[in-house]
$ cat data.cif   # mmCIF, C-alpha atoms
data_final
loop_
_atom_site.label_atom_id
_atom_site.label_comp_id
_atom_site.auth_asym_id
_atom_site.auth_seq_id
_atom_site.Cartn_x
_atom_site.Cartn_y
_atom_site.Cartn_z
CA MET A 1 -11.56 22.87 20.92
CA ILE A 2 -11.64 20.45 23.86
CA THR A 3 -9.59 21.78 26.77
CA GLN A 4 -6.91 19.76 28.50
CA MET A 5 -9.16 19.12 31.52
CA TYR A 6 -11.58 17.17 29.36
CA LEU A 7 -8.76 15.24 27.69
CA THR A 8 -7.43 14.36 31.14
CA PHE A 9 -10.92 13.26 32.14
CA LEU A 10 -11.08 10.91 29.15
CA GLN A 11 -7.66 9.48 29.92
CA ILE A 12 -8.64 8.72 33.53
CA ALA A 13 -11.86 7.05 32.40
CA ASP A 14 -9.94 4.91 29.92
CA SER A 15 -7.16 4.08 32.39
CA GLY A 16 -9.36 3.51 35.47
CA SER A 17 -6.76 5.22 37.63
CA PHE A 18 -5.44 8.69 38.35
CA THR A 19 -1.90 7.32 38.59
CA LYS A 20 -2.05 5.46 35.27
CA ALA A 21 -3.57 8.51 33.57
CA ALA A 22 -0.75 10.67 34.94
CA GLN A 23 1.80 8.24 33.48
CA GLN A 24 0.09 8.31 30.07
CA LEU A 25 -0.07 12.11 30.09
CA PHE A 26 3.48 12.55 31.45
CA ILE A 27 2.27 14.75 34.32
CA SER A 28 2.09 14.21 38.07
CA PRO A 29 -0.86 12.46 39.83
CA VAL A 30 -1.34 15.67 41.83
CA SER A 31 -1.83 17.63 38.59
CA VAL A 32 -4.35 15.06 37.36
CA MET A 33 -6.27 15.26 40.64
CA LYS A 34 -6.35 19.08 40.54
CA GLN A 35 -7.70 19.12 36.98
CA ILE A 36 -10.54 16.72 37.82
CA ASN A 37 -11.38 18.58 41.04
CA ASN A 38 -11.59 21.82 39.04
CA LEU A 39 -13.72 20.16 36.36
CA GLU A 40 -16.13 18.72 38.91
CA THR A 41 -16.34 22.13 40.59
CA GLN A 42 -17.08 23.88 37.28
CA LEU A 43 -19.76 21.36 36.32
CA ASP A 44 -21.05 20.96 39.90
CA VAL A 45 -21.28 17.17 39.48
CA LYS A 46 -19.34 14.18 40.71
CA LEU A 47 -17.65 12.44 37.78
CA PHE A 48 -15.80 9.56 39.42
CA ASN A 49 -16.36 7.04 42.20
CA ARG A 50 -12.99 6.84 43.95
CA THR A 51 -11.94 3.54 45.61
CA HIS A 52 -8.68 1.92 46.64
CA GLN A 53 -8.93 -0.28 43.53
CA GLY A 54 -9.21 2.71 41.21
CA VAL A 55 -11.94 4.93 39.82
CA THR A 56 -15.18 4.33 37.97
CA LEU A 57 -17.50 6.73 36.23
CA THR A 58 -20.64 7.97 37.92
CA PRO A 59 -23.78 8.19 35.77
CA ALA A 60 -22.99 11.87 35.22
CA GLY A 61 -19.42 10.96 34.38
CA GLN A 62 -20.58 8.32 31.89
CA ALA A 63 -22.83 10.85 30.18
CA LEU A 64 -19.97 13.34 29.96
CA TYR A 65 -17.63 10.63 28.71
CA THR A 66 -19.97 9.73 25.85
CA SER A 67 -20.59 13.32 24.82
CA THR A 68 -16.92 14.34 25.10
CA THR A 69 -15.81 11.33 23.06
CA ASP A 70 -18.27 12.31 20.34
CA ILE A 71 -16.91 15.86 20.34
CA VAL A 72 -13.28 14.68 20.12
CA THR A 73 -14.17 12.35 17.25
CA ALA A 74 -16.04 15.12 15.43
CA ALA A 75 -13.11 17.51 15.94
CA ALA A 76 -10.63 14.96 14.56
CA THR A 77 -12.88 14.38 11.57
CA ALA A 78 -13.17 18.12 10.93
CA ILE A 79 -9.39 18.56 11.09
CA ALA A 80 -8.81 15.62 8.75
CA HIS A 81 -11.36 17.03 6.32
CA ALA A 82 -9.73 20.46 6.40
CA GLN A 83 -6.33 18.89 5.73
CA THR A 84 -7.74 16.88 2.85
CA VAL A 85 -9.31 19.97 1.32
CA GLY A 86 -6.06 21.88 1.74
CA GLN A 87 -4.02 19.13 0.13
CA HIS A 88 -6.52 18.81 -2.69
CA HIS A 89 -6.27 22.53 -3.29
CA GLN A 90 -2.52 22.24 -3.76
CA GLN A 91 -1.76 21.09 -7.27
CA ILE A 92 1.07 18.56 -7.41
CA ILE A 93 3.79 19.15 -10.01
CA ARG A 94 5.75 15.96 -10.70
CA VAL A 95 9.36 16.91 -11.44
CA GLY A 96 11.82 14.42 -12.89
CA ALA A 97 15.17 14.51 -11.09
CA SER A 98 18.48 12.65 -11.28
CA ILE A 99 22.09 13.16 -10.25
CA MET A 100 22.77 15.17 -13.39
CA ARG A 101 19.38 16.84 -13.48
CA PRO A 102 18.60 17.59 -9.81
CA GLY A 103 16.07 20.30 -10.61
CA ALA A 104 18.11 23.02 -8.93
CA PRO A 105 16.84 25.87 -11.19
CA LEU A 106 13.22 25.11 -10.31
CA VAL A 107 13.99 24.67 -6.61
CA ALA A 108 15.74 28.06 -6.60
CA LEU A 109 12.63 29.70 -8.05
CA TRP A 110 10.47 27.81 -5.58
CA ARG A 111 12.41 29.13 -2.62
CA ARG A 112 12.44 32.69 -3.89
CA PHE A 113 8.75 32.85 -4.78
CA ALA A 114 7.25 30.54 -2.15
CA ASP A 115 4.21 32.76 -1.57
CA GLU A 116 3.29 32.99 -5.25
CA LEU A 117 3.66 29.21 -5.64
CA SER A 118 1.82 28.23 -2.46
CA ASP A 119 -0.99 26.59 -4.46
CA TYR A 120 1.47 24.05 -5.84
CA GLN A 121 3.47 21.22 -4.36
CA LEU A 122 6.59 19.65 -5.88
CA ALA A 123 6.80 15.88 -6.08
CA ILE A 124 10.25 14.61 -7.07
CA VAL A 125 10.21 11.54 -9.33
CA PRO A 126 13.54 9.75 -10.00
CA ILE A 127 14.59 9.48 -13.64
CA ASN A 128 17.43 7.58 -15.25
CA ASP A 129 20.19 9.59 -16.94
CA ASP A 130 20.87 6.58 -19.17
CA GLU A 131 17.58 7.31 -20.97
CA VAL A 132 18.70 10.75 -22.20
CA SER A 133 18.83 10.80 -26.01
CA LEU A 134 18.89 13.24 -28.90
CA GLN A 135 15.09 13.01 -28.99
CA SER A 136 14.19 13.22 -25.31
CA PRO A 137 15.54 13.86 -21.79
CA THR A 138 13.17 11.12 -20.57
CA THR A 139 10.29 9.19 -22.10
CA GLN A 140 8.20 9.82 -18.96
CA LEU A 141 7.48 13.45 -19.83
CA GLY A 142 3.77 14.05 -20.26
CA THR A 143 2.81 10.75 -18.63
CA THR A 144 4.27 10.07 -15.18
CA LEU A 145 6.18 13.38 -15.19
CA ASP A 146 5.07 16.98 -15.67
CA CYS A 147 8.48 18.48 -16.31
CA VAL A 148 12.24 18.14 -16.03
CA ALA A 149 14.55 20.97 -14.97
CA GLY A 150 18.03 20.87 -16.44
CA PRO A 151 20.06 21.37 -19.63
CA THR A 152 17.90 22.35 -22.60
CA ASP A 153 20.44 22.72 -25.39
CA ALA A 154 19.59 19.58 -27.39
CA ALA A 155 18.10 20.96 -30.61
CA GLN A 156 15.70 18.06 -31.26
CA TRP A 157 14.12 18.43 -27.83
CA TYR A 158 12.55 21.66 -29.04
CA GLU A 159 10.80 19.70 -31.78
CA ASN A 160 9.28 17.19 -29.36
CA TYR A 161 8.69 19.29 -26.25
CA GLN A 162 8.12 22.80 -25.01
CA VAL A 163 11.08 24.44 -23.31
CA LEU A 164 10.98 27.34 -20.87
CA PRO A 165 14.51 28.84 -20.61
CA LEU A 166 15.60 29.81 -17.12
CA GLY A 167 19.23 30.82 -17.69
CA MET A 168 22.64 29.90 -18.99
CA ASP A 169 25.27 27.55 -17.61
CA ALA A 170 28.98 28.10 -18.37
CA TYR A 171 30.99 25.25 -19.89
CA ARG A 172 34.09 24.21 -17.95
CA LEU A 173 36.60 21.37 -18.04
CA ALA A 174 36.59 18.51 -15.55
CA VAL A 175 40.22 17.63 -14.89
CA PRO A 176 41.30 14.39 -13.15
CA GLN A 177 42.98 15.13 -9.82
CA THR A 178 46.11 13.30 -11.06
CA HIS A 179 46.38 15.34 -14.25
CA ARG A 180 49.20 17.86 -14.71
CA LEU A 181 46.64 20.68 -15.02
CA ALA A 182 44.77 19.85 -11.82
CA ASP A 183 46.64 22.51 -9.82
CA HIS A 184 45.45 25.30 -12.14
CA ASN A 185 42.63 27.63 -11.12
CA ARG A 186 41.97 28.64 -14.72
CA LEU A 187 42.99 27.15 -18.04
CA THR A 188 44.21 28.94 -21.16
CA TRP A 189 44.37 27.73 -24.74
CA THR A 190 48.12 27.37 -24.31
CA ASP A 191 47.57 25.03 -21.33
CA LEU A 192 45.39 22.82 -23.52
CA ARG A 193 47.89 22.22 -26.31
CA GLY A 194 48.38 18.52 -26.92
CA GLU A 195 45.50 17.58 -24.64
CA THR A 196 42.39 15.56 -25.56
CA ILE A 197 39.02 17.08 -24.72
CA VAL A 198 36.05 14.73 -24.38
CA LEU A 199 32.67 16.13 -25.47
CA PRO A 200 29.11 14.79 -25.88
CA PRO A 201 28.03 13.60 -29.36
CA ARG A 202 28.79 16.26 -31.92
CA ASN A 203 25.14 16.61 -32.88
CA ALA A 204 24.02 16.83 -29.24
CA SER A 205 23.53 20.57 -29.48
CA PRO A 206 24.48 23.59 -31.61
CA THR A 207 26.91 24.70 -28.89
CA ILE A 208 28.77 21.38 -28.86
CA GLU A 209 28.96 21.50 -32.65
CA LYS A 210 30.36 25.04 -32.47
CA ILE A 211 33.00 24.04 -29.90
CA CYS A 212 34.12 21.17 -32.12
CA ARG A 213 34.34 23.43 -35.19
CA ASP A 214 36.25 26.11 -33.28
CA LEU A 215 38.77 23.62 -31.95
CA GLU A 216 39.32 22.12 -35.39
CA ALA A 217 39.67 25.51 -37.07
CA HIS A 218 41.66 27.47 -34.49
CA HIS A 219 43.24 24.94 -32.15
CA PRO A 220 44.22 21.89 -34.20
CA ASP A 221 46.79 20.95 -31.55
CA ILE A 222 43.92 20.10 -29.20
CA HIS A 223 42.42 16.66 -29.85
CA ILE A 224 38.66 16.03 -29.83
CA HIS A 225 36.90 12.90 -28.66
CA ASN A 226 33.10 12.75 -28.81
CA THR A 227 31.17 10.23 -26.71
CA THR A 228 28.57 8.09 -28.47
CA GLN A 229 25.77 9.12 -26.12
CA PHE A 230 24.79 11.86 -23.70
CA TYR A 231 26.65 12.05 -20.43
CA ASN A 232 25.61 10.01 -17.43
CA THR A 233 27.38 9.30 -14.15
CA GLU A 234 29.34 6.47 -15.77
CA THR A 235 30.87 9.01 -18.14
CA PHE A 236 32.39 10.85 -15.19
CA ASN A 237 33.53 7.57 -13.64
CA ALA A 238 35.21 6.54 -16.90
CA TYR A 239 37.31 9.70 -17.17
CA ALA A 240 38.05 10.30 -13.48
CA ASN A 241 41.38 8.47 -13.73
CA SER A 242 42.21 9.15 -17.36
CA ASP A 243 44.65 11.55 -18.99
CA GLN A 244 41.83 13.29 -20.87
CA LEU A 245 39.79 16.38 -20.03
CA LEU A 246 36.00 16.18 -19.89
CA ILE A 247 33.94 19.16 -20.94
CA THR A 248 31.37 19.87 -18.25
CA ARG A 249 29.23 22.68 -16.90
CA ASP A 250 28.93 24.62 -13.66
CA SER A 251 25.90 22.67 -12.47
CA TRP A 252 27.85 19.40 -12.75
CA GLN A 253 30.97 20.51 -10.93
CA ASN A 254 30.40 18.38 -7.81
CA ILE A 255 29.33 15.15 -9.49
CA HIS A 256 32.64 13.31 -9.07
CA PRO A 257 35.16 13.80 -6.21
CA LEU A 258 38.15 12.83 -8.39
CA LEU A 259 37.44 15.49 -11.00
CA LYS A 260 38.22 19.16 -10.50
CA THR A 261 36.05 21.59 -12.45
CA ILE A 262 38.18 24.45 -13.82
CA PRO A 263 37.05 27.51 -15.82
CA VAL A 264 38.60 28.06 -19.25
CA ASP A 265 39.40 31.15 -21.32
CA TRP A 266 36.34 30.73 -23.50
CA ASP A 267 32.74 31.99 -23.34
CA TYR A 268 30.82 28.84 -24.26
CA GLN A 269 27.52 28.50 -22.45
CA SER A 270 24.65 26.05 -22.35
CA ALA A 271 20.97 26.81 -21.78
CA TYR A 272 18.99 25.28 -18.93
CA GLY A 273 15.32 25.45 -18.02
CA LEU A 274 12.06 23.50 -17.82
CA ILE A 275 11.17 20.84 -20.39
CA PHE A 276 7.55 19.70 -20.67
CA ALA A 277 5.04 18.20 -23.09
CA LYS A 278 3.84 20.00 -26.20
CA GLN A 279 0.28 19.72 -24.87
CA PRO A 280 0.64 20.17 -21.10
CA SER A 281 -2.21 19.52 -18.68
CA ALA A 282 -4.28 22.51 -17.56
CA LYS A 283 -2.58 22.30 -14.17
CA LEU A 284 0.92 22.46 -15.67
CA ALA A 285 -0.03 25.14 -18.20
CA GLN A 286 -1.17 27.41 -15.36
CA PHE A 287 1.98 26.59 -13.40
CA ILE A 288 4.19 27.50 -16.38
CA THR A 289 2.28 30.77 -16.83
CA ILE A 290 3.02 31.69 -13.22
CA ILE A 291 6.69 30.73 -13.59
CA LYS A 292 7.00 32.95 -16.68
CA LYS A 293 5.61 35.91 -14.74
CA LEU A 294 7.98 35.25 -11.84
CA ILE A 295 10.95 35.16 -14.20
CA GLN A 296 9.99 38.59 -15.52
CA LYS A 297 10.02 39.90 -11.91
CA LYS A 298 13.58 38.69 -11.28
#

$ encode --input "data.cif" --output "structure tokens"
Amino acid sequence: MITQMYLTFLQIADSGSFTKAAQQLFISPVSVMKQINNLETQLDVKLFNRTHQGVTLTPAGQALYTSTTDIVTAAATAIAHAQTVGQHHQQIIRVGASIMRPGAPLVALWRRFADELSDYQLAIVPINDDEVSLQSPTTQLGTTLDCVAGPTDAAQWYENYQVLPLGMDAYRLAVPQTHRLADHNRLTWTDLRGETIVLPPRNASPTIEKICRDLEAHHPDIHIHNTTQFYNTETFNAYANSDQLLITRDSWQNIHPLLKTIPVDWDYQSAYGLIFAKQPSAKLAQFITIIKKLIQKK
């Protein structure tokens, strides 16, 4: 690498003045002078003609200037090439993310196993929660996206995509802050008598279907209202000031400030994990293989 003395030499040559070079380098003129005196002593040549108007390069100084500039340029090129090679070596995994699918499960794995995943780089690509349907979490999977990390309990998704389970998420109830139950820290079946619980479409997942059946069979005094589509942020906005309770999950508990997420005396859970194309790219297939091994180590 080029030492600071040579970089100072180049700055003086470009500036035409010891004082101006000192200003550019944020050091004192005395320090600049000492560095050049030392450099001239080491090389045993005079590098600058000093006058009251400034400094100019001697023939020896001009020769050194040309050679040193070539070295600096070559060094910068070498560094840029090394960075390019390093970046090329890192495979980029494009992860779809939204307010309701922030990719937290994958990020948690990433932080825990950073060394094992050092050959990969995450690129977050925004997706629209309004696009979530019974058939797909997003139509971008397999094209502009490699995977999505989030709820994986929609049965039809398994027909159209591969799913790598990462864990389970407990179902809770989101209670408006103005609701009579908002001061509870836990809800019982008795608390819920006479209340209306809002759920996703009944055919959204086997778990939602089971909850609906259980309520109808064992708790007929609790009313059921199913939305016509999967949840998005507007769903939470719509029920934030209502008198109804919105079924939610742990990973969604901070989505809306006017809704308090409260655990319930039930054991309903929802799966979450990675969703990706049936025929993933070689890059993603290798990435998924590594993730599977890391999960087994947990």

$ resolve_selection --input "data.cif" --expression "the PyMOL selection byres ((chain A and resi 170) around 12)" --output "list in words"
Pro151, Gly167, Met168, Asp169, Tyr171, Arg172, Leu173, Thr207, Ile247, Thr248, Arg249, Asp250, Ser251, Trp252, Gln253, Thr261, Ile262, Pro263, Val264, Asp265, Trp266, Asp267, Tyr268, Gln269, Ser270, Ala271 and Tyr272 of chain A

$ atom_distance --input "data.cif" --atom1 "CA of Leu57 (chain A)" --atom2 "CA of Gln35 (chain A)"
15.8 Å

$ atom_distance --input "data.cif" --atom1 "CA of Asp191 (chain A)" --atom2 "CA of Tyr239 (chain A)"
18.9 Å

$ resolve_selection --input "data.cif" --expression "the PyMOL selection byres ((chain A and resi 224) around 8)" --output "PDB file with C-alpha atoms, in the coordinates of the input"
ATOM      1  CA  THR A 196      42.390  15.560 -25.560  1.00  0.00           C
ATOM      2  CA  ILE A 197      39.020  17.080 -24.720  1.00  0.00           C
ATOM      3  CA  VAL A 198      36.050  14.730 -24.380  1.00  0.00           C
ATOM      4  CA  LEU A 199      32.670  16.130 -25.470  1.00  0.00           C
ATOM      5  CA  CYS A 212      34.120  21.170 -32.120  1.00  0.00           C
ATOM      6  CA  LEU A 215      38.770  23.620 -31.950  1.00  0.00           C
ATOM      7  CA  ILE A 222      43.920  20.100 -29.200  1.00  0.00           C
ATOM      8  CA  HIS A 223      42.420  16.660 -29.850  1.00  0.00           C
ATOM      9  CA  HIS A 225      36.900  12.900 -28.660  1.00  0.00           C
ATOM     10  CA  ASN A 226      33.100  12.750 -28.810  1.00  0.00           C
TER      11      ASN A 226
END

$ closest_residue --input "data.cif" --among "A:Thr144, A:Pro126, A:Val132, A:Asp214" --to "Gly103 (chain A)" --atoms "only C-alpha atoms"
A:Pro126

$ atom_distance --input "data.cif" --atom1 "CA of Glu116 (chain A)" --atom2 "CA of Gly273 (chain A)"
19.1 Å

$ resolve_selection --input "data.cif" --expression "the PyMOL selection byres ((chain A and resi 122-125) around 9)" --output "number ranges by chain"
A: 91-98, 103, 107, 120-121, 126-127, 144-145

$ residues_around --input "data.cif" --residues "Leu294 (chain A)" --least-positions-apart "5" --cutoff "12 Å" --atoms "only C-alpha atoms" --output "JSON, numbers by chain"
{"A": [106, 108, 109, 110, 111, 112, 113, 114, 115, 116, 117, 166, 287, 288, 289]}

$ write_last_selection --input "data.cif" --atoms "C-alpha atoms" --output "compact mmCIF listing (two decimals), in the frame of the given file"
# COMPACT_ATOMS: atom_id res chain seq x y z
CA LEU A 106 13.22 25.11 -10.31
CA ALA A 108 15.74 28.06 -6.60
CA LEU A 109 12.63 29.70 -8.05
CA TRP A 110 10.47 27.81 -5.58
CA ARG A 111 12.41 29.13 -2.62
CA ARG A 112 12.44 32.69 -3.89
CA PHE A 113 8.75 32.85 -4.78
CA ALA A 114 7.25 30.54 -2.15
CA ASP A 115 4.21 32.76 -1.57
CA GLU A 116 3.29 32.99 -5.25
CA LEU A 117 3.66 29.21 -5.64
CA LEU A 166 15.60 29.81 -17.12
CA PHE A 287 1.98 26.59 -13.40
CA ILE A 288 4.19 27.50 -16.38
CA THR A 289 2.28 30.77 -16.83

$ closest_residue --input "data.cif" --among "A:Val45, A:Leu259, A:Val72, A:Met100" --to "Asn232 (chain A)" --atoms "all atoms listed in the file"
A:Met100

$ closest_residue --input "data.cif" --among "A:Arg101, A:Arg213, A:Arg180, A:Lys46" --to "Pro59 (chain A)" --atoms "all atoms listed in the file"
A:Lys46

$ closest_residue --input "data.cif" --among "A:Ala21, A:Val175, A:Ala277, A:Ala13" --to "Gln162 (chain A)" --atoms "only C-alpha atoms"
A:Ala277

$ residues_around --input "data.cif" --residues "Pro176 (chain A)" --least-positions-apart "4" --cutoff "9 Å" --atoms "all atoms listed in the file" --output "list in words"
Arg180, Leu181, Ala182, Tyr239, Ala240, Asn241, Ser242, Asp243, Gln244, Leu245, Leu246, Leu258, Leu259, Lys260 and Thr261 of chain A
